[in-house]
>>> print(open('work-v5.cif').read())   # mmCIF, C-alpha atoms, pLDDT in the B column; chains and numbers go by the auth columns
data_query
loop_
_atom_site.group_PDB
_atom_site.id
_atom_site.type_symbol
_atom_site.label_atom_id
_atom_site.label_comp_id
_atom_site.label_asym_id
_atom_site.label_seq_id
_atom_site.Cartn_x
_atom_site.Cartn_y
_atom_site.Cartn_z
_atom_site.B_iso_or_equiv
_atom_site.auth_seq_id
_atom_site.auth_asym_id
ATOM 1 C CA GLN A 1 58.202 19.320 61.873 92.00 1 Z
ATOM 2 C CA VAL A 2 56.819 21.195 64.849 95.00 2 Z
ATOM 3 C CA GLN A 3 56.019 24.868 64.418 97.00 3 Z
ATOM 4 C CA LEU A 4 54.539 27.427 66.781 98.00 4 Z
ATOM 5 C CA VAL A 5 53.787 30.752 65.104 97.00 5 Z
ATOM 6 C CA GLU A 6 52.789 33.746 67.202 97.00 6 Z
ATOM 7 C CA SER A 7 51.034 36.841 65.920 97.00 7 Z
ATOM 8 C CA GLY A 8 49.092 39.811 67.221 98.00 8 Z
ATOM 9 C CA GLY A 9 51.813 41.845 68.863 97.00 9 Z
ATOM 10 C CA GLY A 10 52.334 45.530 68.236 97.00 10 Z
ATOM 11 C CA LEU A 11 52.409 49.014 69.705 98.00 11 Z
ATOM 12 C CA VAL A 12 49.526 49.992 71.986 98.00 12 Z
ATOM 13 C CA GLN A 13 48.889 52.856 74.378 98.00 13 Z
ATOM 14 C CA PRO A 14 48.625 52.260 78.129 98.00 14 Z
ATOM 15 C CA GLY A 15 45.176 50.996 78.956 98.00 15 Z
ATOM 16 C CA GLY A 16 44.786 49.420 75.547 98.00 16 Z
ATOM 17 C CA SER A 17 44.256 45.837 74.500 98.00 17 Z
ATOM 18 C CA LEU A 18 45.870 43.245 72.291 98.00 18 Z
ATOM 19 C CA ARG A 19 45.102 39.643 71.426 98.00 19 Z
ATOM 20 C CA LEU A 20 47.986 37.299 70.777 98.00 20 Z
ATOM 21 C CA SER A 21 47.589 34.068 68.834 98.00 21 Z
ATOM 22 C CA CYS A 22 49.830 31.039 68.528 98.00 22 Z
ATOM 23 C CA VAL A 23 49.099 28.490 65.824 98.00 23 Z
ATOM 24 C CA ALA A 24 50.652 25.078 66.333 98.00 24 Z
ATOM 25 C CA SER A 25 51.428 22.442 63.735 96.00 25 Z
ATOM 26 C CA GLY A 26 53.180 19.100 63.872 95.00 26 Z
ATOM 27 C CA ILE A 27 51.903 18.187 67.340 93.00 27 Z
ATOM 28 C CA ILE A 28 48.764 16.661 68.810 94.00 28 Z
ATOM 29 C CA PHE A 29 47.771 20.040 70.179 95.00 29 Z
ATOM 30 C CA ARG A 30 45.010 18.913 72.541 94.00 30 Z
ATOM 31 C CA ILE A 31 47.374 16.842 74.724 93.00 31 Z
ATOM 32 C CA TYR A 32 49.921 19.625 75.197 96.00 32 Z
ATOM 33 C CA ASP A 33 50.014 22.024 78.091 97.00 33 Z
ATOM 34 C CA MET A 34 50.453 25.505 76.617 98.00 34 Z
ATOM 35 C CA GLY A 35 51.973 28.647 78.037 98.00 35 Z
ATOM 36 C CA TRP A 36 52.679 32.265 77.246 98.00 36 Z
ATOM 37 C CA PHE A 37 56.047 33.576 78.421 98.00 37 Z
ATOM 38 C CA ARG A 38 57.615 36.990 78.078 98.00 38 Z
ATOM 39 C CA ARG A 39 61.060 38.498 78.238 98.00 39 Z
ATOM 40 C CA ALA A 40 61.481 42.197 78.835 96.00 40 Z
ATOM 41 C CA PRO A 41 64.767 43.980 78.080 90.00 41 Z
ATOM 42 C CA GLY A 42 67.283 43.275 80.815 93.00 42 Z
ATOM 43 C CA LYS A 43 65.007 40.816 82.584 95.00 43 Z
ATOM 44 C CA GLU A 44 64.661 37.065 82.752 96.00 44 Z
ATOM 45 C CA ARG A 45 61.960 35.205 80.918 96.00 45 Z
ATOM 46 C CA GLU A 46 58.823 34.715 82.987 97.00 46 Z
ATOM 47 C CA LEU A 47 55.700 32.628 82.688 98.00 47 Z
ATOM 48 C CA VAL A 48 52.712 34.883 82.099 98.00 48 Z
ATOM 49 C CA ALA A 49 49.875 32.376 81.743 98.00 49 Z
ATOM 50 C CA HIS A 50 49.455 28.635 81.455 98.00 50 Z
ATOM 51 C CA ILE A 51 46.652 26.356 80.311 98.00 51 Z
ATOM 52 C CA THR A 52 46.587 22.586 80.559 95.00 52 Z
ATOM 53 C CA GLY A 53 45.225 20.239 77.938 91.00 53 Z
ATOM 54 C CA GLY A 54 42.139 19.978 80.125 90.00 54 Z
ATOM 55 C CA GLY A 55 41.668 23.734 80.258 93.00 55 Z
ATOM 56 C CA SER A 56 42.901 24.604 83.751 96.00 56 Z
ATOM 57 C CA THR A 57 44.579 28.004 83.850 98.00 57 Z
ATOM 58 C CA ASP A 58 47.118 29.838 85.961 97.00 58 Z
ATOM 59 C CA TYR A 59 48.490 33.381 85.778 98.00 59 Z
ATOM 60 C CA LEU A 60 51.373 35.542 86.877 98.00 60 Z
ATOM 61 C CA ASP A 61 50.087 37.648 89.766 98.00 61 Z
ATOM 62 C CA SER A 62 50.748 40.936 87.977 97.00 62 Z
ATOM 63 C CA VAL A 63 48.461 40.014 85.053 98.00 63 Z
ATOM 64 C CA LYS A 64 45.580 38.428 86.951 98.00 64 Z
ATOM 65 C CA GLY A 65 42.300 40.108 86.079 97.00 65 Z
ATOM 66 C CA ARG A 66 43.813 41.707 82.973 98.00 66 Z
ATOM 67 C CA PHE A 67 44.991 38.789 80.814 98.00 67 Z
ATOM 68 C CA THR A 68 43.033 35.717 79.729 98.00 68 Z
ATOM 69 C CA ILE A 69 44.578 32.603 78.221 98.00 69 Z
ATOM 70 C CA SER A 70 42.447 30.277 76.121 98.00 70 Z
ATOM 71 C CA ARG A 71 42.818 27.567 73.520 97.00 71 Z
ATOM 72 C CA ASN A 72 40.888 26.184 70.579 97.00 72 Z
ATOM 73 C CA ASN A 73 41.825 22.559 70.099 96.00 73 Z
ATOM 74 C CA ALA A 74 39.825 22.355 66.871 96.00 74 Z
ATOM 75 C CA ASN A 75 42.135 24.790 65.108 96.00 75 Z
ATOM 76 C CA ASN A 76 45.315 24.194 67.135 97.00 76 Z
ATOM 77 C CA THR A 77 45.444 27.758 68.377 98.00 77 Z
ATOM 78 C CA LEU A 78 46.427 29.321 71.680 98.00 78 Z
ATOM 79 C CA TYR A 79 45.309 32.844 72.599 98.00 79 Z
ATOM 80 C CA LEU A 80 46.232 35.519 75.085 98.00 80 Z
ATOM 81 C CA GLU A 81 43.749 38.341 75.509 98.00 81 Z
ATOM 82 C CA MET A 82 45.513 41.287 77.126 98.00 82 Z
ATOM 83 C CA ASN A 83 43.530 44.207 78.526 98.00 83 Z
ATOM 84 C CA SER A 84 44.440 47.291 80.563 98.00 84 Z
ATOM 85 C CA LEU A 85 47.980 47.046 79.273 98.00 85 Z
ATOM 86 C CA LYS A 86 50.738 48.792 81.184 98.00 86 Z
ATOM 87 C CA PRO A 87 54.212 49.921 80.095 97.00 87 Z
ATOM 88 C CA GLU A 88 55.678 47.166 82.264 96.00 88 Z
ATOM 89 C CA ASP A 89 53.940 44.608 80.026 98.00 89 Z
ATOM 90 C CA THR A 90 56.344 45.575 77.235 98.00 90 Z
ATOM 91 C CA ALA A 91 58.256 42.464 76.213 98.00 91 Z
ATOM 92 C CA VAL A 92 58.679 39.807 73.577 98.00 92 Z
ATOM 93 C CA TYR A 93 55.938 37.240 74.128 98.00 93 Z
ATOM 94 C CA TYR A 94 56.524 33.571 73.346 98.00 94 Z
ATOM 95 C CA CYS A 95 54.236 30.594 73.306 98.00 95 Z
ATOM 96 C CA ARG A 96 55.408 27.236 74.526 98.00 96 Z
ATOM 97 C CA ALA A 97 54.005 23.742 74.069 97.00 97 Z
ATOM 98 C CA MET A 98 54.968 21.018 76.509 96.00 98 Z
ATOM 99 C CA ALA A 99 53.834 17.407 76.789 93.00 99 Z
ATOM 100 C CA THR A 100 56.697 16.079 78.906 86.00 100 Z
ATOM 101 C CA SER A 101 60.169 17.394 79.617 82.00 101 Z
ATOM 102 C CA ALA A 102 61.298 15.671 76.428 84.00 102 Z
ATOM 103 C CA PHE A 103 58.713 17.374 74.254 92.00 103 Z
ATOM 104 C CA VAL A 104 58.984 21.140 74.640 94.00 104 Z
ATOM 105 C CA TYR A 105 58.587 23.558 71.743 97.00 105 Z
ATOM 106 C CA TRP A 106 58.813 27.338 71.458 97.00 106 Z
ATOM 107 C CA GLY A 107 57.584 29.926 69.039 97.00 107 Z
ATOM 108 C CA GLN A 108 59.743 32.702 67.626 97.00 108 Z
ATOM 109 C CA GLY A 109 58.102 35.442 69.688 97.00 109 Z
ATOM 110 C CA THR A 110 56.059 38.547 69.027 98.00 110 Z
ATOM 111 C CA GLN A 111 56.893 42.027 70.300 98.00 111 Z
ATOM 112 C CA VAL A 112 54.411 43.856 72.511 98.00 112 Z
ATOM 113 C CA THR A 113 55.177 47.506 73.230 98.00 113 Z
ATOM 114 C CA VAL A 114 52.996 49.550 75.571 98.00 114 Z
ATOM 115 C CA SER A 115 53.813 53.224 75.260 97.00 115 Z
ATOM 116 C CA SER A 116 52.163 56.592 74.813 95.00 116 Z
#
>>> encode(input="work-v5.cif", output="structure tokens")
Amino acid sequence: QVQLVESGGGLVQPGGSLRLSCVASGIIFRIYDMGWFRRAPGKERELVAHITGGGSTDYLDSVKGRFTISRNNANNTLYLEMNSLKPEDTAVYYCRAMATSAFVYWGQGTQVTVSS
């Protein structure tokens, strides 16, 4: 059974930092492309950051220079380091694993709230 379990969300003041983690089980983690998505209230889900199995990364323009995606294939974990957080970063953050269109898995999400 495939499981993706996110953690690390919470309430932080503007300008603060958080580190999200996503632990995967039931998949050969190193061959999966991994992504962090978010959905803010009243908005559509958007891709925040993406990392291939080979380590290539891509980011949403609004988070470039502030967020860093990384992975540790030895412990099947995906990370999202978030710095200089803004209120508009408030959302539920989800991790996604994808090998092909037939093999796509999602975590349950973790809430990030940026507010003073």
>>> residues_around(input="work-v5.cif", residues="Ala40 (chain Z)", least_positions_apart="6", cutoff="12 Å", atoms="all atoms listed in the file", output="list in words")
Glu46, Leu47, Val48, Pro87, Glu88, Asp89, Thr90, Ala91, Val92, Tyr93, Tyr94, Gly109, Thr110, Gln111, Val112, Thr113 and Val114 of chain Z
>>> atom_distance(input="work-v5.cif", atom1="CA of Phe67 (chain Z)", atom2="CA of Ala102 (chain Z)")
28.6 Å
>>> closest_residue(input="work-v5.cif", among="Z:Ala97, Z:Pro41, Z:Leu80, Z:Val104", to="Ser7 (chain Z)", atoms="all atoms listed in the file")
Z:Leu80
>>> axis_aligned_box(input="work-v5.cif", around="region 56-75 of chain Z", padding_each_side="3 Å", output="JSON")
{"center_x": 45.6, "center_y": 32.0, "center_z": 77.4, "size_x": 17.5, "size_y": 25.4, "size_z": 30.7}
>>> closest_residue(input="work-v5.cif", among="Z:Ile69, Z:Met34, Z:Cys95, Z:Val2", to="Thr52 (chain Z)", atoms="all atoms listed in the file")
Z:Met34
>>> resolve_selection(input="work-v5.cif", expression="the PyMOL selection byres ((chain Z and resi 12) around 12)", output="list in words")
Gly8, Gly9, Gly10, Leu11, Gln13, Pro14, Gly15, Gly16, Ser17, Leu18, Arg19, Met82, Asn83, Ser84, Leu85, Lys86, Pro87, Asp89, Thr90, Gln111, Val112, Thr113, Val114, Ser115 and Ser116 of chain Z
>>> atom_distance(input="work-v5.cif", atom1="CA of Asp61 (chain Z)", atom2="CA of Gln3 (chain Z)")
29.0 Å
>>> atom_distance(input="work-v5.cif", atom1="CA of Tyr59 (chain Z)", atom2="CA of Gly26 (chain Z)")
26.6 Å
>>> residues_around(input="work-v5.cif", residues="Asp33 (chain Z)", least_positions_apart="6", cutoff="12 Å", atoms="all atoms listed in the file", output="list in words")
Ile27, Ala49, His50, Ile51, Thr52, Gly53, Gly54, Gly55, Ser56, Thr57, Asp58, Ile69, Ser70, Arg71, Asn73, Leu78, Cys95, Arg96, Ala97, Met98, Ala99, Thr100, Ser101, Phe103, Val104 and Tyr105 of chain Z
>>> residues_around(input="work-v5.cif", residues="Cys22 (chain Z)", least_positions_apart="3", cutoff="6 Å", atoms="only C-alpha atoms", output="PDB file with C-alpha atoms, in the frame of the given file")
ATOM      1  CA  VAL Z   5      53.787  30.752  65.104  1.00 97.00           C
ATOM      2  CA  GLU Z   6      52.789  33.746  67.202  1.00 97.00           C
ATOM      3  CA  THR Z  77      45.444  27.758  68.377  1.00 98.00           C
ATOM      4  CA  LEU Z  78      46.427  29.321  71.680  1.00 98.00           C
TER       5      LEU Z  78
END
>>> build_atoms(input="work-v5.cif", residues="region 51-74 of chain Z", atoms="N, CA, C and O atoms", output="short mmCIF file (atom, residue, chain, number, x, y, z; two decimals), in the frame of the given file")
data_model
loop_
_atom_site.label_atom_id
_atom_site.label_comp_id
_atom_site.auth_asym_id
_atom_site.auth_seq_id
_atom_site.Cartn_x
_atom_site.Cartn_y
_atom_site.Cartn_z
N ILE Z 51 47.92 27.08 80.42
CA ILE Z 51 46.65 26.36 80.31
C ILE Z 51 46.96 24.90 80.02
O ILE Z 51 47.76 24.59 79.13
N THR Z 52 46.35 24.01 80.77
CA THR Z 52 46.59 22.59 80.56
C THR Z 52 45.75 22.08 79.38
O THR Z 52 44.87 22.79 78.88
N GLY Z 53 46.03 20.84 79.00
CA GLY Z 53 45.22 20.24 77.94
C GLY Z 53 43.76 20.16 78.33
O GLY Z 53 42.88 20.24 77.47
N GLY Z 54 43.51 20.06 79.63
CA GLY Z 54 42.14 19.98 80.12
C GLY Z 54 41.47 21.32 80.34
O GLY Z 54 40.29 21.39 80.69
N GLY Z 55 42.25 22.40 80.17
CA GLY Z 55 41.67 23.73 80.26
C GLY Z 55 41.88 24.47 81.57
O GLY Z 55 41.40 25.60 81.72
N SER Z 56 42.61 23.89 82.50
CA SER Z 56 42.90 24.60 83.75
C SER Z 56 43.92 25.70 83.48
O SER Z 56 44.87 25.50 82.73
N THR Z 57 43.73 26.85 84.13
CA THR Z 57 44.58 28.00 83.85
C THR Z 57 45.28 28.51 85.11
O THR Z 57 44.82 28.28 86.23
N ASP Z 58 46.37 29.21 84.88
CA ASP Z 58 47.12 29.84 85.96
C ASP Z 58 47.78 31.08 85.39
O ASP Z 58 48.13 31.10 84.20
N TYR Z 59 47.97 32.10 86.25
CA TYR Z 59 48.49 33.38 85.78
C TYR Z 59 49.56 33.95 86.71
O TYR Z 59 49.53 33.73 87.93
N LEU Z 60 50.46 34.71 86.12
CA LEU Z 60 51.37 35.54 86.88
C LEU Z 60 50.53 36.54 87.67
O LEU Z 60 49.55 37.10 87.15
N ASP Z 61 50.90 36.77 88.91
CA ASP Z 61 50.09 37.65 89.77
C ASP Z 61 49.85 39.02 89.14
O ASP Z 61 48.75 39.58 89.23
N SER Z 62 50.85 39.56 88.49
CA SER Z 62 50.75 40.94 87.98
C SER Z 62 49.81 41.07 86.79
O SER Z 62 49.46 42.19 86.39
N VAL Z 63 49.37 39.94 86.21
CA VAL Z 63 48.46 40.01 85.05
C VAL Z 63 47.07 39.48 85.38
O VAL Z 63 46.17 39.55 84.53
N LYS Z 64 46.90 38.96 86.58
CA LYS Z 64 45.58 38.43 86.95
C LYS Z 64 44.52 39.51 86.86
O LYS Z 64 44.71 40.63 87.31
N GLY Z 65 43.40 39.15 86.25
CA GLY Z 65 42.30 40.11 86.08
C GLY Z 65 42.44 40.96 84.83
O GLY Z 65 41.48 41.64 84.45
N ARG Z 66 43.60 40.92 84.19
CA ARG Z 66 43.81 41.71 82.97
C ARG Z 66 44.02 40.82 81.74
O ARG Z 66 43.60 41.19 80.64
N PHE Z 67 44.68 39.69 81.92
CA PHE Z 67 44.99 38.79 80.81
C PHE Z 67 44.14 37.53 80.93
O PHE Z 67 43.85 37.06 82.04
N THR Z 68 43.78 36.97 79.78
CA THR Z 68 43.03 35.72 79.73
C THR Z 68 43.66 34.79 78.70
O THR Z 68 43.79 35.17 77.53
N ILE Z 69 44.04 33.61 79.13
CA ILE Z 69 44.58 32.60 78.22
C ILE Z 69 43.45 31.65 77.84
O ILE Z 69 42.60 31.32 78.67
N SER Z 70 43.45 31.24 76.58
CA SER Z 70 42.45 30.28 76.12
C SER Z 70 43.03 29.48 74.97
O SER Z 70 44.08 29.84 74.42
N ARG Z 71 42.35 28.40 74.61
CA ARG Z 71 42.82 27.57 73.52
C ARG Z 71 41.64 27.04 72.73
O ARG Z 71 40.55 26.85 73.29
N ASN Z 72 41.87 26.81 71.45
CA ASN Z 72 40.89 26.18 70.58
C ASN Z 72 41.54 24.95 69.99
O ASN Z 72 42.38 25.05 69.09
N ASN Z 73 41.19 23.80 70.54
CA ASN Z 73 41.82 22.56 70.10
C ASN Z 73 41.40 22.16 68.68
O ASN Z 73 42.08 21.38 68.03
N ALA Z 74 40.29 22.69 68.21
CA ALA Z 74 39.83 22.36 66.87
C ALA Z 74 40.71 22.98 65.79
O ALA Z 74 40.86 22.41 64.71
#
